[in-house]
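S.K.: So here's data.pdb, just PDB, C-alpha atoms:
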MODEL        1
ATOM      1  CA  MET A   1      70.586  62.707 107.557
ATOM      2  CA  ARG A   2      74.074  61.235 107.438
ATOM      3  CA  SER A   3      76.333  62.408 110.260
ATOM      4  CA  GLU A   4      79.378  64.628 109.833
ATOM      5  CA  LYS A   5      81.550  61.609 110.566
ATOM      6  CA  ASP A   6      79.862  59.612 107.810
ATOM      7  CA  MET A   7      80.139  62.460 105.297
ATOM      8  CA  LEU A   8      83.806  63.163 105.946
ATOM      9  CA  GLU A   9      84.654  59.472 105.770
ATOM     10  CA  LEU A  10      82.894  59.310 102.392
ATOM     11  CA  ILE A  11      84.609  62.446 101.085
ATOM     12  CA  LEU A  12      88.038  61.232 102.175
ATOM     13  CA  GLY A  13      87.329  57.691 101.008
ATOM     14  CA  VAL A  14      86.648  58.879  97.467
ATOM     15  CA  ALA A  15      89.903  60.836  97.516
ATOM     16  CA  THR A  16      91.924  57.971  98.959
ATOM     17  CA  SER A  17      90.738  55.585  96.258
ATOM     18  CA  SER A  18      91.761  57.906  93.399
ATOM     19  CA  GLU A  19      95.389  58.414  92.464
ATOM     20  CA  LEU A  20      94.467  61.638  90.719
ATOM     21  CA  ILE A  21      93.157  63.361  93.870
ATOM     22  CA  ARG A  22      96.231  64.582  95.754
ATOM     23  CA  VAL A  23      94.854  67.031  98.317
ATOM     24  CA  VAL A  24      91.486  67.410 100.062
ATOM     25  CA  ALA A  25      90.620  70.708 101.697
ATOM     26  CA  MET A  26      87.566  72.126 103.419
ATOM     27  CA  ASN A  27      86.513  75.720 103.989
ATOM     28  CA  GLY A  28      83.341  77.635 104.742
ATOM     29  CA  SER A  29      81.180  77.572 107.831
ATOM     30  CA  ARG A  30      82.360  74.157 109.027
ATOM     31  CA  THR A  31      85.889  75.516 109.478
ATOM     32  CA  ASN A  32      84.763  78.807 111.018
ATOM     33  CA  SER A  33      84.974  78.579 114.809
ATOM     34  CA  SER A  34      82.995  81.824 115.214
ATOM     35  CA  ILE A  35      79.838  80.286 113.719
ATOM     36  CA  PRO A  36      77.627  77.947 115.790
ATOM     37  CA  LYS A  37      77.527  74.448 114.344
ATOM     38  CA  ASP A  38      74.326  72.973 112.981
ATOM     39  CA  PRO A  39      73.386  69.985 110.779
ATOM     40  CA  TRP A  40      72.483  72.202 107.800
ATOM     41  CA  GLN A  41      75.952  73.593 107.183
ATOM     42  CA  ASP A  42      77.304  72.783 103.730
ATOM     43  CA  TYR A  43      80.407  70.702 103.216
ATOM     44  CA  ASP A  44      82.590  73.097 101.231
ATOM     45  CA  ILE A  45      85.132  70.654  99.850
ATOM     46  CA  VAL A  46      88.008  71.063  97.396
ATOM     47  CA  TYR A  47      89.707  68.224  95.551
ATOM     48  CA  LEU A  48      93.078  69.242  94.159
ATOM     49  CA  VAL A  49      93.635  66.870  91.276
ATOM     50  CA  ASP A  50      96.264  66.037  88.648
ATOM     51  CA  ASP A  51      93.824  65.910  85.734
ATOM     52  CA  ALA A  52      90.857  68.208  86.301
ATOM     53  CA  ASP A  53      89.274  67.471  82.921
ATOM     54  CA  LYS A  54      88.621  63.838  83.880
ATOM     55  CA  PHE A  55      86.555  64.985  86.874
ATOM     56  CA  VAL A  56      84.489  67.310  84.697
ATOM     57  CA  GLU A  57      83.957  65.403  81.468
ATOM     58  CA  ASP A  58      82.798  62.182  83.165
ATOM     59  CA  ARG A  59      80.259  63.146  85.806
ATOM     60  CA  GLU A  60      78.971  59.732  86.816
ATOM     61  CA  TRP A  61      81.699  59.461  89.458
ATOM     62  CA  ILE A  62      79.896  61.952  91.729
ATOM     63  CA  ASP A  63      76.994  59.493  92.160
ATOM     64  CA  VAL A  64      79.019  57.904  94.957
ATOM     65  CA  PHE A  65      78.172  60.819  97.251
ATOM     66  CA  GLY A  66      74.507  59.849  97.449
ATOM     67  CA  GLU A  67      71.098  60.367  95.910
ATOM     68  CA  ARG A  68      70.878  63.938  94.700
ATOM     69  CA  LEU A  69      67.797  66.078  95.001
ATOM     70  CA  ILE A  70      69.175  68.796  92.727
ATOM     71  CA  MET A  71      72.535  69.999  91.428
ATOM     72  CA  GLN A  72      74.073  73.138  89.951
ATOM     73  CA  THR A  73      77.296  73.477  87.972
ATOM     74  CA  PRO A  74      77.973  77.239  87.774
ATOM     75  CA  MET A  75      80.749  76.971  85.196
ATOM     76  CA  ASP A  76      78.348  75.403  82.709
ATOM     77  CA  SER A  77      76.099  78.457  83.015
ATOM     78  CA  ASP A  78      78.833  81.095  83.061
ATOM     79  CA  PRO A  79      82.253  79.780  82.035
ATOM     80  CA  SER A  80      83.803  83.238  82.137
ATOM     81  CA  GLY A  81      82.707  83.837  85.721
ATOM     82  CA  GLN A  82      84.326  80.752  87.230
ATOM     83  CA  LYS A  83      87.985  79.755  87.418
ATOM     84  CA  TRP A  84      87.496  76.263  88.844
ATOM     85  CA  PHE A  85      84.701  73.778  88.237
ATOM     86  CA  THR A  86      82.255  73.234  91.089
ATOM     87  CA  TYR A  87      79.523  70.680  91.725
ATOM     88  CA  LEU A  88      76.847  72.103  94.028
ATOM     89  CA  MET A  89      74.990  69.014  95.227
ATOM     90  CA  GLN A  90      71.919  68.854  97.468
ATOM     91  CA  PHE A  91      71.170  65.305  98.609
ATOM     92  CA  GLN A  92      67.891  63.657  99.473
ATOM     93  CA  ASP A  93      68.953  63.150 103.101
ATOM     94  CA  GLY A  94      69.416  66.883 103.692
ATOM     95  CA  ASN A  95      73.197  67.057 103.344
ATOM     96  CA  ARG A  96      74.862  69.307 100.789
ATOM     97  CA  ILE A  97      78.345  69.228  99.297
ATOM     98  CA  ASP A  98      79.820  72.119  97.348
ATOM     99  CA  LEU A  99      82.680  70.294  95.658
ATOM    100  CA  MET A 100      85.300  72.303  93.782
ATOM    101  CA  ILE A 101      87.796  70.685  91.427
ATOM    102  CA  VAL A 102      91.118  72.538  91.390
ATOM    103  CA  PRO A 103      94.198  71.488  89.358
ATOM    104  CA  THR A 104      97.178  70.738  91.594
ATOM    105  CA  ARG A 105      99.175  73.322  89.640
ATOM    106  CA  ASP A 106      96.907  75.949  91.223
ATOM    107  CA  LEU A 107      97.564  74.767  94.789
ATOM    108  CA  GLN A 108      99.273  77.946  95.974
ATOM    109  CA  GLU A 109      96.665  80.180  94.362
ATOM    110  CA  TYR A 110      93.910  78.211  96.058
ATOM    111  CA  LEU A 111      95.607  78.362  99.463
ATOM    112  CA  GLU A 112      95.844  82.140  99.166
ATOM    113  CA  SER A 113      92.200  82.508  98.130
ATOM    114  CA  ASP A 114      90.613  81.932 101.530
ATOM    115  CA  SER A 115      91.458  82.204 105.226
ATOM    116  CA  LEU A 116      89.092  79.415 106.260
ATOM    117  CA  ILE A 117      90.988  76.547 104.606
ATOM    118  CA  GLU A 118      91.694  73.348 106.500
ATOM    119  CA  ILE A 119      93.654  70.530 104.854
ATOM    120  CA  LEU A 120      91.978  67.161 105.401
ATOM    121  CA  LEU A 121      94.342  65.072 103.283
ATOM    122  CA  ASP A 122      97.704  65.757 101.637
ATOM    123  CA  LYS A 123      99.138  62.702  99.918
ATOM    124  CA  ASP A 124     102.362  64.405  98.872
ATOM    125  CA  THR A 125     102.903  66.701 101.878
ATOM    126  CA  LYS A 126     102.990  69.695  99.563
ATOM    127  CA  THR A 127     100.736  72.025 101.513
ATOM    128  CA  PRO A 128     102.581  74.382 103.829
ATOM    129  CA  SER A 129     101.676  74.622 107.492
ATOM    130  CA  LEU A 130      98.604  76.824 107.593
ATOM    131  CA  ASN A 131      97.686  79.132 110.413
ATOM    132  CA  ARG A 132      94.531  78.144 112.228
ATOM    133  CA  SER A 133      91.655  78.815 109.861
ATOM    134  CA  ASN A 134      89.857  82.081 110.513
ATOM    135  CA  ASP A 135      87.288  84.251 108.807
ATOM    136  CA  SER A 136      89.521  87.312 108.357
ATOM    137  CA  LYS A 137      88.800  87.483 104.611
ATOM    138  CA  TYR A 138      85.120  87.920 105.495
ATOM    139  CA  TRP A 139      85.489  90.639 108.113
ATOM    140  CA  VAL A 140      83.450  93.770 107.535
ATOM    141  CA  LYS A 141      85.543  96.150 105.477
ATOM    142  CA  LYS A 142      85.899  99.776 106.497
ATOM    143  CA  PRO A 143      83.958 101.796 103.912
ATOM    144  CA  SER A 144      85.811 104.559 102.139
ATOM    145  CA  HIS A 145      84.291 108.019 102.266
ATOM    146  CA  GLN A 146      83.216 107.523  98.645
ATOM    147  CA  THR A 147      81.540 104.202  99.433
ATOM    148  CA  PHE A 148      79.799 105.811 102.400
ATOM    149  CA  ASP A 149      78.562 108.713 100.242
ATOM    150  CA  ASP A 150      77.444 106.343  97.481
ATOM    151  CA  CYS A 151      75.401 104.307  99.948
ATOM    152  CA  ILE A 152      73.562 107.402 101.175
ATOM    153  CA  ASN A 153      73.049 108.696  97.657
ATOM    154  CA  GLU A 154      71.608 105.385  96.459
ATOM    155  CA  PHE A 155      69.331 105.139  99.491
ATOM    156  CA  LEU A 156      67.879 108.607  98.946
ATOM    157  CA  TRP A 157      67.682 108.306  95.171
ATOM    158  CA  VAL A 158      65.758 105.044  95.321
ATOM    159  CA  SER A 159      63.389 106.359  98.001
ATOM    160  CA  LEU A 160      61.822 108.569  95.331
ATOM    161  CA  TYR A 161      61.088 105.519  93.207
ATOM    162  CA  VAL A 162      59.203 104.031  96.146
ATOM    163  CA  VAL A 163      57.139 107.218  96.281
ATOM    164  CA  LYS A 164      56.481 106.945  92.549
ATOM    165  CA  GLY A 165      55.340 103.342  92.988
ATOM    166  CA  LEU A 166      52.974 104.365  95.772
ATOM    167  CA  HIS A 167      51.405 107.081  93.612
ATOM    168  CA  ARG A 168      51.004 104.709  90.695
ATOM    169  CA  ARG A 169      49.607 102.020  93.005
ATOM    170  CA  ASN A 170      52.239  99.700  91.553
ATOM    171  CA  MET A 171      52.946  97.496  94.539
ATOM    172  CA  ILE A 172      55.713  95.320  93.096
ATOM    173  CA  TYR A 173      57.561  98.368  91.740
ATOM    174  CA  ALA A 174      57.422 100.038  95.154
ATOM    175  CA  ILE A 175      58.479  96.875  96.985
ATOM    176  CA  GLU A 176      61.427  96.219  94.683
ATOM    177  CA  HIS A 177      62.825  99.695  95.308
ATOM    178  CA  LEU A 178      62.121  99.527  99.014
ATOM    179  CA  ASN A 179      64.211  96.343  99.045
ATOM    180  CA  ILE A 180      67.107  98.317  97.567
ATOM    181  CA  MET A 181      66.725 100.909 100.321
ATOM    182  CA  ARG A 182      66.827  98.154 102.931
ATOM    183  CA  THR A 183      69.978  96.720 101.373
ATOM    184  CA  CYS A 184      71.632 100.143 101.745
ATOM    185  CA  TYR A 185      70.433 100.323 105.342
ATOM    186  CA  LEU A 186      71.885  96.896 106.129
ATOM    187  CA  GLU A 187      75.159  97.936 104.490
ATOM    188  CA  MET A 188      75.289 100.931 106.830
ATOM    189  CA  CYS A 189      74.438  98.725 109.832
ATOM    190  CA  ASP A 190      77.275  96.407 108.811
ATOM    191  CA  ALA A 191      79.651  99.384 108.817
ATOM    192  CA  LEU A 192      78.504 100.288 112.326
ATOM    193  CA  TYR A 193      79.076  96.696 113.411
ATOM    194  CA  GLY A 194      82.535  96.865 111.835
ATOM    195  CA  ILE A 195      83.341  99.991 113.820
ATOM    196  CA  HIS A 196      82.175  98.278 117.012
ATOM    197  CA  THR A 197      84.435  95.276 116.328
ATOM    198  CA  GLN A 198      87.321  97.377 114.956
ATOM    199  CA  PHE A 199      86.661  95.743 111.583
ATOM    200  CA  LYS A 200      87.900  92.400 112.906
ATOM    201  CA  SER A 201      84.704  90.394 112.726
ATOM    202  CA  ASN A 202      82.371  88.846 110.187
ATOM    203  CA  VAL A 203      78.750  89.969 110.422
ATOM    204  CA  GLY A 204      77.657  86.577 109.072
ATOM    205  CA  LYS A 205      75.543  85.467 106.141
ATOM    206  CA  GLY A 206      72.263  87.273 105.991
ATOM    207  CA  HIS A 207      73.673  89.859 108.424
ATOM    208  CA  GLN A 208      72.854  87.349 111.162
ATOM    209  CA  LYS A 209      74.942  89.000 113.904
ATOM    210  CA  LEU A 210      72.988  92.251 113.610
ATOM    211  CA  GLU A 211      70.131  90.749 115.620
ATOM    212  CA  ASN A 212      72.237  90.720 118.776
ATOM    213  CA  PHE A 213      74.126  93.898 117.892
ATOM    214  CA  LEU A 214      71.303  96.324 117.172
ATOM    215  CA  PRO A 215      69.072  97.498 120.040
ATOM    216  CA  PRO A 216      65.943  95.288 120.196
ATOM    217  CA  GLU A 217      63.647  98.183 119.257
ATOM    218  CA  GLN A 218      65.710  98.968 116.174
ATOM    219  CA  TRP A 219      65.895  95.315 115.189
ATOM    220  CA  ASN A 220      62.127  94.929 115.507
ATOM    221  CA  ARG A 221      61.545  98.053 113.422
ATOM    222  CA  LEU A 222      63.780  96.572 110.731
ATOM    223  CA  LEU A 223      61.735  93.372 110.736
ATOM    224  CA  THR A 224      58.507  95.333 110.266
ATOM    225  CA  THR A 225      59.875  96.725 106.991
ATOM    226  CA  TYR A 226      59.587  93.217 105.532
ATOM    227  CA  SER A 227      55.795  93.369 105.933
ATOM    228  CA  MET A 228      54.611  94.859 102.657
ATOM    229  CA  SER A 229      51.255  93.308 101.860
ATOM    230  CA  ASP A 230      49.490  96.635 101.302
ATOM    231  CA  PHE A 231      50.366 100.231 100.453
ATOM    232  CA  ASN A 232      50.019 101.404 104.058
ATOM    233  CA  GLN A 233      52.687  98.924 105.150
ATOM    234  CA  ILE A 234      54.975 100.001 102.308
ATOM    235  CA  THR A 235      54.547 103.634 103.326
ATOM    236  CA  GLU A 236      55.318 102.794 106.959
ATOM    237  CA  ALA A 237      58.392 100.783 105.932
ATOM    238  CA  LEU A 238      59.595 103.766 103.897
ATOM    239  CA  ARG A 239      59.118 106.048 106.907
ATOM    240  CA  ILE A 240      60.991 103.704 109.258
ATOM    241  CA  LEU A 241      63.922 103.263 106.889
ATOM    242  CA  LEU A 242      64.292 107.013 106.343
ATOM    243  CA  ILE A 243      64.422 107.578 110.106
ATOM    244  CA  ASP A 244      66.678 104.685 111.080
ATOM    245  CA  PHE A 245      69.071 104.996 108.134
ATOM    246  CA  ARG A 246      69.749 108.596 109.143
ATOM    247  CA  CYS A 247      70.467 107.563 112.737
ATOM    248  CA  VAL A 248      72.877 104.805 111.731
ATOM    249  CA  SER A 249      74.638 106.857 109.044
ATOM    250  CA  GLU A 250      75.172 109.688 111.551
ATOM    251  CA  ARG A 251      76.832 107.287 113.966
ATOM    252  CA  VAL A 252      79.034 105.864 111.220
ATOM    253  CA  SER A 253      80.017 109.318 109.965
ATOM    254  CA  SER A 254      80.857 110.480 113.490
ATOM    255  CA  SER A 255      83.057 107.442 114.171
ATOM    256  CA  LEU A 256      84.889 107.629 110.843
ATOM    257  CA  ASN A 257      85.055 111.433 110.666
ATOM    258  CA  TYR A 258      83.033 111.449 107.462
ATOM    259  CA  THR A 259      80.555 114.136 106.471
ATOM    260  CA  ILE A 260      76.908 113.900 105.456
ATOM    261  CA  ASP A 261      75.025 116.368 103.292
ATOM    262  CA  LYS A 262      72.353 116.988 105.918
ATOM    263  CA  GLU A 263      70.539 119.562 103.819
ATOM    264  CA  GLU A 264      70.105 117.117 100.962
ATOM    265  CA  TYR A 265      68.872 114.382 103.305
ATOM    266  CA  GLN A 266      66.417 116.740 104.978
ATOM    267  CA  GLY A 267      65.276 118.026 101.608
ATOM    268  CA  ILE A 268      64.377 114.496 100.481
ATOM    269  CA  VAL A 269      62.561 113.820 103.745
ATOM    270  CA  GLU A 270      60.533 117.038 103.509
ATOM    271  CA  TYR A 271      59.698 116.328  99.881
ATOM    272  CA  ILE A 272      58.385 112.860 100.771
ATOM    273  CA  GLU A 273      56.499 114.174 103.807
ATOM    274  CA  LYS A 274      54.678 116.697 101.648
ATOM    275  CA  ASP A 275      54.173 114.379  98.691
ATOM    276  CA  LEU A 276      52.743 111.499 100.716
ATOM    277  CA  ASP A 277      51.222 113.633 103.489
ATOM    278  CA  ILE A 278      53.071 111.764 106.241
ATOM    279  CA  LYS A 279      55.327 112.803 109.126
ATOM    280  CA  ILE A 280      58.898 111.533 109.216
ATOM    281  CA  ASN A 281      60.671 112.496 112.435
ATOM    282  CA  VAL A 282      64.281 112.210 111.374
ATOM    283  CA  LYS A 283      66.681 112.611 114.281
ATOM    284  CA  GLU A 284      70.409 113.181 114.043
TER     285      GLU A 284
ENDMDL
END
Is it possible to give me this structure as structure tokens?

M.R.:
Amino acid sequence: MRSEKDMLELILGVATSSELIRVVAMNGSRTNSSIPKDPWQDYDIVYLVDDADKFVEDREWIDVFGERLIMQTPMDSDPSGQKWFTYLMQFQDGNRIDLMIVPTRDLQEYLESDSLIEILLDKDTKTPSLNRSNDSKYWVKKPSHQTFDDCINEFLWVSLYVVKGLHRRNMIYAIEHLNIMRTCYLEMCDALYGIHTQFKSNVGKGHQKLENFLPPEQWNRLLTTYSMSDFNQITEALRILLIDFRCVSERVSSSLNYTIDKEEYQGIVEYIEKDLDIKINVKE
């Protein structure tokens, strides 16, 4: 694998040799001081260029970055969903560059789009002095009362689909809906983490900071919900999520002075207990 020094020299060398590339910027995990460094971090690079079309229409120029294993160009798949063209390139040596092409006329808009931007090259000294890059745009957001209620409602609503899947012995159906329940649970855990950090921290991709935030027993219970190779494991995962989601949502509601419809929650739990003949010891 090429070193960071080698990759940055290559990235800047390409820019230096082209009159059309006026600014080179980097964002993402490599500019985020709160994330531990590792060799697998992407190079999230932006070339601000005078003629963006030339960098999109002729694509042979990107071969200079190395032998590609695979590439994606999101704008080709969904033009309406992308403002600027991006080459997502995975190389044979393990490195990856996510290279965005932004017209220089959009410089200010780009600079305002992210808090993790670092300028690597500015040929015309047009970029203003930026504050030290930080991940403030990625901090956990305080959920509104409506968002909080919606999360609980979705969690409980989907739990009944898991029950339906168990009765039908449709494993994939049950697993897919259990995954939705877990997503709601993680969203609530993120909110609790946000409260703990006064909503001034990023929980990380894949909720990675939850491992050290949640009590070990709770973290291990969460991990067991990913074991779903038979119906007994799915049933146990459902039971665990119903118990732990209630605990976390109660803590969030208490901290934010939100309310929970406890009767509705308990009604769902009792319905599932009776329907599946299991015991779910929900604690407030």

S.K.: When you look at region 29-44 of chain A with a cut-off of 7 Å (counting only C-alpha atoms), what residues show up, excluding the ones that are within fewer than 6 positions of it in the same chain? I need them as a short mmCIF file (atom, residue, chain, number, x, y, z; two decimals) with C-alpha atoms, keeping the file's coordinate frame.

M.R.:
data_model
loop_
_atom_site.label_atom_id
_atom_site.label_comp_id
_atom_site.auth_asym_id
_atom_site.auth_seq_id
_atom_site.Cartn_x
_atom_site.Cartn_y
_atom_site.Cartn_z
CA ASN A 95 73.20 67.06 103.34
CA ARG A 96 74.86 69.31 100.79
CA ILE A 97 78.34 69.23 99.30
CA ASP A 98 79.82 72.12 97.35
CA LEU A 99 82.68 70.29 95.66
CA LEU A 116 89.09 79.42 106.26
CA GLU A 118 91.69 73.35 106.50
CA SER A 133 91.66 78.82 109.86
CA ASN A 134 89.86 82.08 110.51
CA ASP A 135 87.29 84.25 108.81
#

S.K.: Need the shell around Cys151 (chain A): protein/DNA/RNA residues with any atom at most 8 Å away, counting all atoms listed in the file. Skip same-chain ones fewer than 2 positions apart. Format as a PyMOL selection string?

M.R.: chain A and resi 147-149+153-155+184+187-188

S.K.: Hey, what comes out of the PyMOL selection byres ((chain A and resi 1) around 7) on this file? Could you write it as a ChimeraX atom specification?

M.R.: /A:2-3,93-95

S.K.: Let me have the centre and edge lengths of the axis-aligned box enclosing all listed atoms of region 259-262 of chain A with 8 Å padding on every side, in Å to one decimal, as lines of an AutoDock Vina configuration file.

M.R.:
center_x = 76.5
center_y = 115.4
center_z = 104.9
size_x = 24.2
size_y = 19.1
size_z = 19.2

S.K.: I'd like the neighbourhood of Glu211 (chain A) as a list in words, where a residue qualifies if any of its atoms comes within 12 Å (using all atoms listed in the file), though same-chain residues fewer than 6 positions away should be ignored.

M.R.: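 So, after excluding close chain neighbours, the residues are Leu186, Cys189, Asp190, Tyr193, Val203, Gly204, Glu217, Gln218, Trp219, Asn220, Arg221, Leu222 and Leu223 of chain A.
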
S.K.: Using Å and a single decimal, report how far CA of Ser201 (chain A) sits from CA of Val24 (chain A).

M.R.: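 CA of Val24 (chain A) sits 27.1 Å away from CA of Ser201 (chain A).
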
S.K.: Write out as JSON, numbers by chain each polymer residue whose atoms come within 12 Å of Thr86 (chain A), counting all atoms listed in the file; drop sequence neighbours fewer than 4 positions from it.

M.R.: {"A": [44, 45, 46, 47, 48, 52, 55, 56, 59, 62, 71, 72, 73, 74, 75, 76, 77, 78, 79, 81, 82, 97, 98, 99, 100, 101, 102]}

S.K.: CA of Pro128 (chain A) to CA of Met26 (chain A): how many Å, to one decimal?

M.R.: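 Interatomic distance here is 15.2 Å.
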